[in-house]
Amino acid sequence: MTIQDRLARREAQPALMRLDTALSRLSGCLTVMNTGAHPDDEHSGLMAWLRHGLGHRVVIACSTRGEGGQNALGPERGALLGVLRSREMEEAARVLDCDVAWLGFGPSDPVHDFGFSKDGDDTFARWGEALITERLALAYRRYRPDVILPTFLDVPGQHGHHRAMTRAALAAVALAADPGALRGSPLAPWRVSHAYLPAWGGGGGTYDDTLPPPAATLRVEATPCDPARGVPYQEIGQWSRRRHASQGMGGWSDTPQRVWELHLTNGPAERRLAEGIPATLPELAALAGPAAAALRDAAAAITSAQAAFPRRDAIIAALATADAALESAAASAAPNFAAAHSHRLARKRREIAHALFEAAALTPVCALAPTRLAPGDCASLTLHQPAPTLAEEVSARPRIPGCADEAQPLQPGLTTIPVALPRDMALPSQFSDGFDPLGGNGPHVKIAARIGGREVSLARDFEQPPVILPAQVLAARPAAFLRRLGRPEPLTATLSSEAPVTLDTVEGWAVDQTGRHLTLTPLSETPGLATFTPRIDGAPAFTESRGSYPHVGDFALYEAAQLRVLSLDLALPEAATIAYIGSGDNVGHWLQELGADVRIMDEIPPDEDFTGFTTVLVGVVAFGNRADLRAAIPRLHRFVERGGHLVTLYQRPDQGWHSETTPPRPMRIGTPSLRWRVTDAGAPVTVLEPRHPLLTTPNLITERDWTGWDKERGLYFAADWAPCYAPLLSMHDAGEAPLLGSLVSGRIGKGRHTHTGLVLHHQLDKLVPGAFRLLANLVQPARA
């Protein structure tokens, strides 16, 4: 974290706002769980009202890390994108002040984001219906929600992941409550009392719900403004959504939503959320029997603490009274009441502890240096307590797996604690099981103190989460090679270490290492993929992929190291000079690896007329992400008219693509996109124009080129186009009508425009041979 990052973070978290947030948690007693399939599925505005407006606990249950989605920010894809989107979800949750319950753990887990699906059954076939339902039931037992609310409806026309999560969320209610189910779990059964569905449809630019939503049984209406922040709760929701930057989230409305209508699946119409369940401490006191008086005292003390804001002494005195009363209530509660509601009392005491720390100005910044550590490394833990505190007997205890956790006094100013990681420590999972806004996320520091006469403690997260590295990290540049058959010259990778590396034997290849250079020599002319697994001192080596963005900080992924070589039977088009205008994908890089004459344009000069190129290739969704590309549209049109070949990979119709003005001739991208995509990666492909140059020159595209595709065929297909264009391929998912817009091309003036919705960029990263052969054809000069 840079000094500028630290200053910006502290500026954005003023003490009185933090104190107000801590006090507002104390108003409600309900727990609401919003279930979804991907980071960014949450009902952010409604959750902002329930948490910041009513003081209820909010939990976002998310089944995947979004690793199969798109990235509007940069090149991260697959597992690394999953790490990024997990961090974005946590930062979004930090704004909402809510928990996150993760149900999937990255691409190697059965429950992962494998791309788009159109049917819940198809999703369950990949995830396992019993598995995801069981994980949700365990989450119900862990968090004890009174309310569950799936984000989407289980109706045709909706994303299959969404449909599966809604079905699983409802089925998990009975499973969580069944004492005979989930054997082996230490968690007690829990019955969700209220299961809701949204009483609105999910149609729009992507989805196309074909059935109407259920009738509304509850109207949730927010007050106009959050009093502390001075903005509508829907806007707070958009502050949260802005953290999903890789998905381009965050919007503005001059008339922000204040009303949400819900449908209760297991009961009649209601006047408030979760009728019949105590929503506040006074309502809980009415059910508490012997503990009623203590609960009423706690409620009155909390009200006094909130009314005393911002007078810290008065707040501390009132909160100390409330904590003592809750302790007394827990001790005097009847067994039936304790079984049903003790978790509410425990939660409220934990929230009071956090409010006491804020009121006492005991909020040390905990930092570990260095933040990147391997087993056996030493570090320095610093705790900076800049403001005078009203707390006494303050101590700090590092909680880092495998490290000593002795408590040490925390002094005003700077406290330094040495930390040593054990050499045999296990690497933590890169995909945690949850996020808690009250702290304790991964390695942390436990702070204990006496405040207002009460002994309280909390888990204080590090300013920047430490990254625990594998012992053997190996970088190879490059880590993947493309080799065109007929070129027998050796391939050389440069390693990050001179340590002796051994590779598993691969038939048809010879391997030699000299210092940091690893040479792979082909011994045959066989096409296909060769994968080499490096080891150091007999142990598997790991590769590191890293990223950093201001809204999430640094993040990293560690995977078993591999070197891959794809030997290709492929020819490049003659005399093709290519300009590549991308937006975070690797297509330009792969063209360079093929040996094509390509210039990657990270910035288009204002006077660039493209006359030095035969072909201009535009990467996926680049029109939405690059203002310089949108400004160059008239010049691209002239380039085509004069004889150039413009090739556009898939574009979103809602992000920079205007059907009448963006392409050289009108072409409309189909919406909702669910209807204009083929999600089956093995869907049959029919060639409509077998003799077309794009399918024959310089490589004859045959049935074998459509095998081995990953995730899907394509999306954002063209729906209709000007007469000059002709469709070249037909494909469809099972049971659907053929789609003709996956690859269309047309003569325009002396040149040509070709548009494809095929996910070529993803297939290239997966080293699918047919995608390289087709791409080589697509970038040929228009005159061919």
# chains A, B, ... in the order shown; residues from 1 in each chain; ligands from 1

call {"tool": "residues_around", "arguments": {"residues": "region 277-279 of chain A", "least_positions_apart": "2", "cutoff": "10 Å", "atoms": "only C-alpha atoms", "output": "compact mmCIF listing (two decimals) with N, CA and C atoms, in the first residue's frame"}}
result
# COMPACT_ATOMS: atom_id res chain seq x y z
N SER A 27 -29.79 -1.38 15.99
CA SER A 27 -31.24 -1.12 15.96
C SER A 27 -32.07 -2.35 15.69
N GLY A 28 -31.58 -3.25 14.82
CA GLY A 28 -32.40 -4.38 14.39
C GLY A 28 -31.92 -5.70 14.95
N CYS A 29 -32.79 -6.72 14.82
CA CYS A 29 -32.48 -8.06 15.32
C CYS A 29 -32.61 -9.14 14.26
N LEU A 30 -33.05 -8.78 13.06
CA LEU A 30 -33.24 -9.79 12.02
C LEU A 30 -31.93 -10.05 11.29
N THR A 31 -31.83 -11.24 10.69
CA THR A 31 -30.75 -11.56 9.76
C THR A 31 -31.38 -11.89 8.42
N LEU A 54 -32.45 0.03 8.78
CA LEU A 54 -33.16 -0.69 9.84
C LEU A 54 -32.23 -1.38 10.83
N GLY A 55 -30.95 -1.46 10.51
CA GLY A 55 -30.01 -2.05 11.45
C GLY A 55 -29.99 -3.56 11.47
N HIS A 56 -30.57 -4.23 10.47
CA HIS A 56 -30.56 -5.68 10.44
C HIS A 56 -29.21 -6.19 9.93
N ASP A 146 -33.31 -15.17 9.31
CA ASP A 146 -34.78 -15.20 9.43
C ASP A 146 -35.42 -15.12 8.05
N VAL A 147 -34.71 -14.46 7.15
CA VAL A 147 -35.22 -14.19 5.80
C VAL A 147 -34.19 -14.68 4.79
N SER A 193 -37.65 -18.81 8.66
CA SER A 193 -39.09 -18.58 8.82
C SER A 193 -39.73 -17.94 7.59
N HIS A 194 -38.96 -17.15 6.84
CA HIS A 194 -39.54 -16.39 5.73
C HIS A 194 -38.67 -16.53 4.49
N ARG A 272 -44.85 -5.88 7.31
CA ARG A 272 -43.42 -5.62 7.45
C ARG A 272 -42.65 -6.89 7.17
N LEU A 273 -41.36 -6.74 6.94
CA LEU A 273 -40.51 -7.89 6.65
C LEU A 273 -40.49 -8.85 7.84
N ALA A 274 -40.70 -10.15 7.53
CA ALA A 274 -40.61 -11.23 8.54
C ALA A 274 -41.55 -10.99 9.70
N GLU A 275 -42.82 -10.76 9.41
CA GLU A 275 -43.80 -10.61 10.47
C GLU A 275 -43.82 -11.87 11.34
N LEU A 281 -34.97 -5.23 19.71
CA LEU A 281 -34.83 -5.74 21.07
C LEU A 281 -36.12 -5.61 21.89
N PRO A 282 -36.87 -4.50 21.80
CA PRO A 282 -38.15 -4.46 22.54
C PRO A 282 -39.10 -5.57 22.10
N GLU A 283 -39.16 -5.88 20.80
CA GLU A 283 -40.01 -6.98 20.35
C GLU A 283 -39.49 -8.31 20.88
N LEU A 284 -38.16 -8.45 20.95
CA LEU A 284 -37.58 -9.68 21.49
C LEU A 284 -37.88 -9.79 22.98
N ALA A 285 -37.88 -8.67 23.70
CA ALA A 285 -38.16 -8.69 25.13
C ALA A 285 -39.57 -9.20 25.41
N ALA A 286 -40.51 -8.92 24.53
CA ALA A 286 -41.88 -9.37 24.73
C ALA A 286 -42.00 -10.90 24.75
N LEU A 287 -40.99 -11.59 24.23
CA LEU A 287 -41.02 -13.06 24.18
C LEU A 287 -40.09 -13.68 25.20
N HIS A 341 -33.14 -17.82 20.40
CA HIS A 341 -32.72 -16.43 20.24
C HIS A 341 -31.35 -16.09 20.84

call {"tool": "select_by_dssp", "arguments": {"residues": "region 273-426 of chain A", "states": "strand (DSSP E or B)", "output": "number ranges by chain"}}
result
A: 365-369, 372-373, 378-385, 392-399, 408-409, 413-420

call {"tool": "residues_around", "arguments": {"residues": "Gly203 (chain A)", "least_positions_apart": "2", "cutoff": "12 Å", "atoms": "only C-alpha atoms", "output": "list in words"}}
result
Phe152, Leu153, Val155, Pro156, Gly157, Gln158, His159, Trp200, Gly201, Gly205, Thr206, Tyr207, Asp208, Asp209, Thr210, Leu211, Pro212, Pro213, Thr671, Pro672, Ser673, Leu674 and Arg675 of chain A

call {"tool": "closest_residue", "arguments": {"among": "A:Pro634, A:Pro224, A:Pro534, A:Gly624", "to": "Phe610 (chain A)", "atoms": "only C-alpha atoms"}}
result
A:Pro634

call {"tool": "residues_around", "arguments": {"residues": "Arg25 (chain A)", "least_positions_apart": "6", "cutoff": "12 Å", "atoms": "only C-alpha atoms", "output": "ChimeraX atom specification"}}
result
/A:18-19,31,48-58,96-98,280,302-303,306,347-355,437-438

call {"tool": "closest_atom_pairs", "arguments": {"of": "region 428-454 of chain A", "to": "region 68-85 of chain A", "cutoff": "12 Å", "atoms": "only C-alpha atoms", "output": "CSV"}}
result
residue,atom,partner,partner_atom,distance
A:Ser429,CA,A:Val83,CA,11.1
A:Gln430,CA,A:Val83,CA,7.5
A:Phe431,CA,A:Val83,CA,7.2
A:Ser432,CA,A:Val83,CA,10.0

call {"tool": "write_last_selection", "arguments": {"atoms": "all heavy atoms", "output": "compact mmCIF listing (two decimals), in the first residue's frame"}}
result
# COMPACT_ATOMS: atom_id res chain seq x y z
N SER A 429 -5.92 -21.09 1.78
CA SER A 429 -6.69 -21.13 0.55
C SER A 429 -6.78 -19.73 -0.04
O SER A 429 -6.90 -18.73 0.67
CB SER A 429 -8.09 -21.67 0.81
OG SER A 429 -8.92 -21.49 -0.32
N GLN A 430 -6.71 -19.66 -1.36
CA GLN A 430 -6.84 -18.37 -2.03
C GLN A 430 -8.31 -17.96 -2.18
O GLN A 430 -8.60 -16.85 -2.61
CB GLN A 430 -6.15 -18.42 -3.39
CG GLN A 430 -4.65 -18.60 -3.25
CD GLN A 430 -3.95 -18.77 -4.57
OE1 GLN A 430 -3.55 -17.81 -5.22
NE2 GLN A 430 -3.83 -20.02 -5.01
N PHE A 431 -9.20 -18.88 -1.84
CA PHE A 431 -10.63 -18.58 -1.90
C PHE A 431 -11.22 -18.88 -0.52
O PHE A 431 -11.50 -20.03 -0.18
CB PHE A 431 -11.31 -19.42 -2.99
CG PHE A 431 -10.86 -19.10 -4.38
CD1 PHE A 431 -9.94 -19.90 -5.04
CD2 PHE A 431 -11.34 -17.98 -5.03
CE1 PHE A 431 -9.51 -19.60 -6.31
CE2 PHE A 431 -10.91 -17.66 -6.32
CZ PHE A 431 -10.00 -18.47 -6.96
N SER A 432 -11.36 -17.84 0.30
CA SER A 432 -11.85 -18.00 1.66
C SER A 432 -13.31 -18.40 1.66
O SER A 432 -14.00 -18.33 0.64
CB SER A 432 -11.66 -16.69 2.44
OG SER A 432 -12.51 -15.68 1.90

call {"tool": "residues_around", "arguments": {"residues": "Ser545 (chain A)", "least_positions_apart": "3", "cutoff": "7 Å", "atoms": "only C-alpha atoms", "output": "MDAnalysis selection string"}}
result
chainID A and resid 556:558

call {"tool": "write_last_selection", "arguments": {"atoms": "N, CA and C atoms", "output": "PDB file, in the first residue's frame"}}
result
ATOM      1  N   ALA A 556      -3.293 -11.818  -5.873  1.00  0.00           N
ATOM      2  CA  ALA A 556      -2.402 -12.773  -6.525  1.00  0.00           C
ATOM      3  C   ALA A 556      -3.053 -14.151  -6.542  1.00  0.00           C
ATOM      4  N   LEU A 557      -2.574 -14.972  -7.469  1.00  0.00           N
ATOM      5  CA  LEU A 557      -3.036 -16.355  -7.615  1.00  0.00           C
ATOM      6  C   LEU A 557      -1.811 -17.242  -7.763  1.00  0.00           C
ATOM      7  N   TYR A 558      -1.819 -18.364  -7.074  1.00  0.00           N
ATOM      8  CA  TYR A 558      -0.728 -19.333  -7.162  1.00  0.00           C
ATOM      9  C   TYR A 558      -1.282 -20.653  -7.671  1.00  0.00           C
TER      10      TYR A 558
END

call {"tool": "closest_residue", "arguments": {"among": "A:Glu270, A:Glu392, A:Glu358, A:Glu463", "to": "Arg10 (chain A)", "atoms": "only C-alpha atoms"}}
result
A:Glu463

call {"tool": "residues_around", "arguments": {"residues": "Asp765 (chain A)", "least_positions_apart": "2", "cutoff": "12 Å", "atoms": "only C-alpha atoms", "output": "VMD selection string"}}
result
chain A and resid 75 to 78 479 to 482 564 566 585 to 591 709 to 711 759 to 763 767 to 769 771 to 772

call {"tool": "residues_around", "arguments": {"residues": "region 216-218 of chain A", "least_positions_apart": "4", "cutoff": "7 Å", "atoms": "only C-alpha atoms", "output": "PDB file with all heavy atoms, in the first residue's frame"}}
result
ATOM      1  N   ALA A 199     -40.746  -9.781  -6.516  1.00  0.00           N
ATOM      2  CA  ALA A 199     -42.034  -9.689  -7.216  1.00  0.00           C
ATOM      3  C   ALA A 199     -41.880  -8.810  -8.451  1.00  0.00           C
ATOM      4  O   ALA A 199     -42.772  -8.022  -8.787  1.00  0.00           O
ATOM      5  CB  ALA A 199     -43.108  -9.145  -6.285  1.00  0.00           C
ATOM      6  N   GLU A 261     -40.945  -4.635  -3.960  1.00  0.00           N
ATOM      7  CA  GLU A 261     -42.066  -5.529  -3.674  1.00  0.00           C
ATOM      8  C   GLU A 261     -41.577  -6.972  -3.688  1.00  0.00           C
ATOM      9  O   GLU A 261     -40.870  -7.396  -4.609  1.00  0.00           O
ATOM     10  CB  GLU A 261     -43.178  -5.326  -4.699  1.00  0.00           C
ATOM     11  CG  GLU A 261     -43.843  -3.955  -4.573  1.00  0.00           C
ATOM     12  CD  GLU A 261     -45.067  -3.828  -5.463  1.00  0.00           C
ATOM     13  OE1 GLU A 261     -45.093  -4.471  -6.542  1.00  0.00           O
ATOM     14  OE2 GLU A 261     -45.995  -3.098  -5.078  1.00  0.00           O
ATOM     15  N   LEU A 262     -41.965  -7.726  -2.649  1.00  0.00           N
ATOM     16  CA  LEU A 262     -41.511  -9.093  -2.480  1.00  0.00           C
ATOM     17  C   LEU A 262     -42.701 -10.036  -2.412  1.00  0.00           C
ATOM     18  O   LEU A 262     -43.820  -9.638  -2.061  1.00  0.00           O
ATOM     19  CB  LEU A 262     -40.674  -9.227  -1.208  1.00  0.00           C
ATOM     20  CG  LEU A 262     -39.459  -8.288  -1.072  1.00  0.00           C
ATOM     21  CD1 LEU A 262     -38.776  -8.517   0.265  1.00  0.00           C
ATOM     22  CD2 LEU A 262     -38.501  -8.479  -2.228  1.00  0.00           C
ATOM     23  N   HIS A 263     -42.428 -11.295  -2.716  1.00  0.00           N
ATOM     24  CA  HIS A 263     -43.455 -12.342  -2.654  1.00  0.00           C
ATOM     25  C   HIS A 263     -43.025 -13.375  -1.616  1.00  0.00           C
ATOM     26  O   HIS A 263     -41.965 -14.003  -1.747  1.00  0.00           O
ATOM     27  CB  HIS A 263     -43.619 -13.019  -4.018  1.00  0.00           C
ATOM     28  CG  HIS A 263     -44.487 -14.235  -3.980  1.00  0.00           C
ATOM     29  ND1 HIS A 263     -45.864 -14.165  -3.976  1.00  0.00           N
ATOM     30  CD2 HIS A 263     -44.171 -15.568  -3.926  1.00  0.00           C
ATOM     31  CE1 HIS A 263     -46.360 -15.388  -3.937  1.00  0.00           C
ATOM     32  NE2 HIS A 263     -45.361 -16.260  -3.897  1.00  0.00           N
ATOM     33  N   LEU A 264     -43.831 -13.537  -0.577  1.00  0.00           N
ATOM     34  CA  LEU A 264     -43.553 -14.537   0.455  1.00  0.00           C
ATOM     35  C   LEU A 264     -44.024 -15.899  -0.037  1.00  0.00           C
ATOM     36  O   LEU A 264     -45.203 -16.083  -0.340  1.00  0.00           O
ATOM     37  CB  LEU A 264     -44.257 -14.164   1.757  1.00  0.00           C
ATOM     38  CG  LEU A 264     -44.039 -15.108   2.944  1.00  0.00           C
ATOM     39  CD1 LEU A 264     -42.568 -15.121   3.357  1.00  0.00           C
ATOM     40  CD2 LEU A 264     -44.922 -14.697   4.129  1.00  0.00           C
ATOM     41  N   PRO A 268     -48.931 -15.623   4.152  1.00  0.00           N
ATOM     42  CA  PRO A 268     -49.843 -14.609   3.592  1.00  0.00           C
ATOM     43  C   PRO A 268     -49.163 -13.258   3.454  1.00  0.00           C
ATOM     44  O   PRO A 268     -47.974 -13.098   3.740  1.00  0.00           O
ATOM     45  CB  PRO A 268     -50.950 -14.559   4.646  1.00  0.00           C
ATOM     46  CG  PRO A 268     -50.229 -14.858   5.938  1.00  0.00           C
ATOM     47  CD  PRO A 268     -49.161 -15.859   5.588  1.00  0.00           C
ATOM     48  N   ALA A 269     -49.928 -12.281   3.014  1.00  0.00           N
ATOM     49  CA  ALA A 269     -49.422 -10.926   2.869  1.00  0.00           C
ATOM     50  C   ALA A 269     -49.018 -10.366   4.230  1.00  0.00           C
ATOM     51  O   ALA A 269     -49.556 -10.746   5.276  1.00  0.00           O
ATOM     52  CB  ALA A 269     -50.480 -10.041   2.221  1.00  0.00           C
ATOM     53  N   GLU A 270     -48.036  -9.448   4.209  1.00  0.00           N
ATOM     54  CA  GLU A 270     -47.490  -8.899   5.451  1.00  0.00           C
ATOM     55  C   GLU A 270     -47.429  -7.382   5.371  1.00  0.00           C
ATOM     56  O   GLU A 270     -47.452  -6.803   4.292  1.00  0.00           O
ATOM     57  CB  GLU A 270     -46.065  -9.425   5.681  1.00  0.00           C
ATOM     58  CG  GLU A 270     -45.928 -10.923   5.766  1.00  0.00           C
ATOM     59  CD  GLU A 270     -44.461 -11.328   5.760  1.00  0.00           C
ATOM     60  OE1 GLU A 270     -43.793 -11.090   4.738  1.00  0.00           O
ATOM     61  OE2 GLU A 270     -43.995 -11.850   6.782  1.00  0.00           O
ATOM     62  N   ARG A 271     -47.291  -6.788   6.559  1.00  0.00           N
ATOM     63  CA  ARG A 271     -47.115  -5.343   6.636  1.00  0.00           C
ATOM     64  C   ARG A 271     -45.657  -4.955   6.821  1.00  0.00           C
ATOM     65  O   ARG A 271     -45.280  -3.817   6.544  1.00  0.00           O
ATOM     66  CB  ARG A 271     -47.940  -4.781   7.791  1.00  0.00           C
ATOM     67  CG  ARG A 271     -49.454  -4.819   7.538  1.00  0.00           C
ATOM     68  CD  ARG A 271     -50.216  -4.513   8.799  1.00  0.00           C
ATOM     69  NE  ARG A 271     -49.964  -5.534   9.832  1.00  0.00           N
ATOM     70  CZ  ARG A 271     -50.470  -5.480  11.059  1.00  0.00           C
ATOM     71  NH1 ARG A 271     -51.227  -4.471  11.424  1.00  0.00           N
ATOM     72  NH2 ARG A 271     -50.198  -6.453  11.926  1.00  0.00           N
ATOM     73  N   ARG A 272     -44.846  -5.879   7.315  1.00  0.00           N
ATOM     74  CA  ARG A 272     -43.421  -5.621   7.450  1.00  0.00           C
ATOM     75  C   ARG A 272     -42.648  -6.893   7.166  1.00  0.00           C
ATOM     76  O   ARG A 272     -43.205  -7.993   7.150  1.00  0.00           O
ATOM     77  CB  ARG A 272     -43.059  -5.083   8.831  1.00  0.00           C
ATOM     78  CG  ARG A 272     -43.072  -6.138   9.940  1.00  0.00           C
ATOM     79  CD  ARG A 272     -42.098  -5.722  11.058  1.00  0.00           C
ATOM     80  NE  ARG A 272     -42.194  -6.553  12.235  1.00  0.00           N
ATOM     81  CZ  ARG A 272     -41.507  -7.691  12.423  1.00  0.00           C
ATOM     82  NH1 ARG A 272     -40.713  -8.152  11.467  1.00  0.00           N
ATOM     83  NH2 ARG A 272     -41.629  -8.370  13.553  1.00  0.00           N
TER      84      ARG A 272
END

call {"tool": "select_by_dssp", "arguments": {"residues": "region 536-632 of chain A", "states": "alpha helix (DSSP H)", "output": "list in words"}}
result
Val587, Gly588, His589, Trp590, Leu591, Gln592, Glu593, Leu594, Ala622, Phe623, Gly624, Asn625, Ala627, Asp628, Leu629, Arg630 and Ala631 of chain A
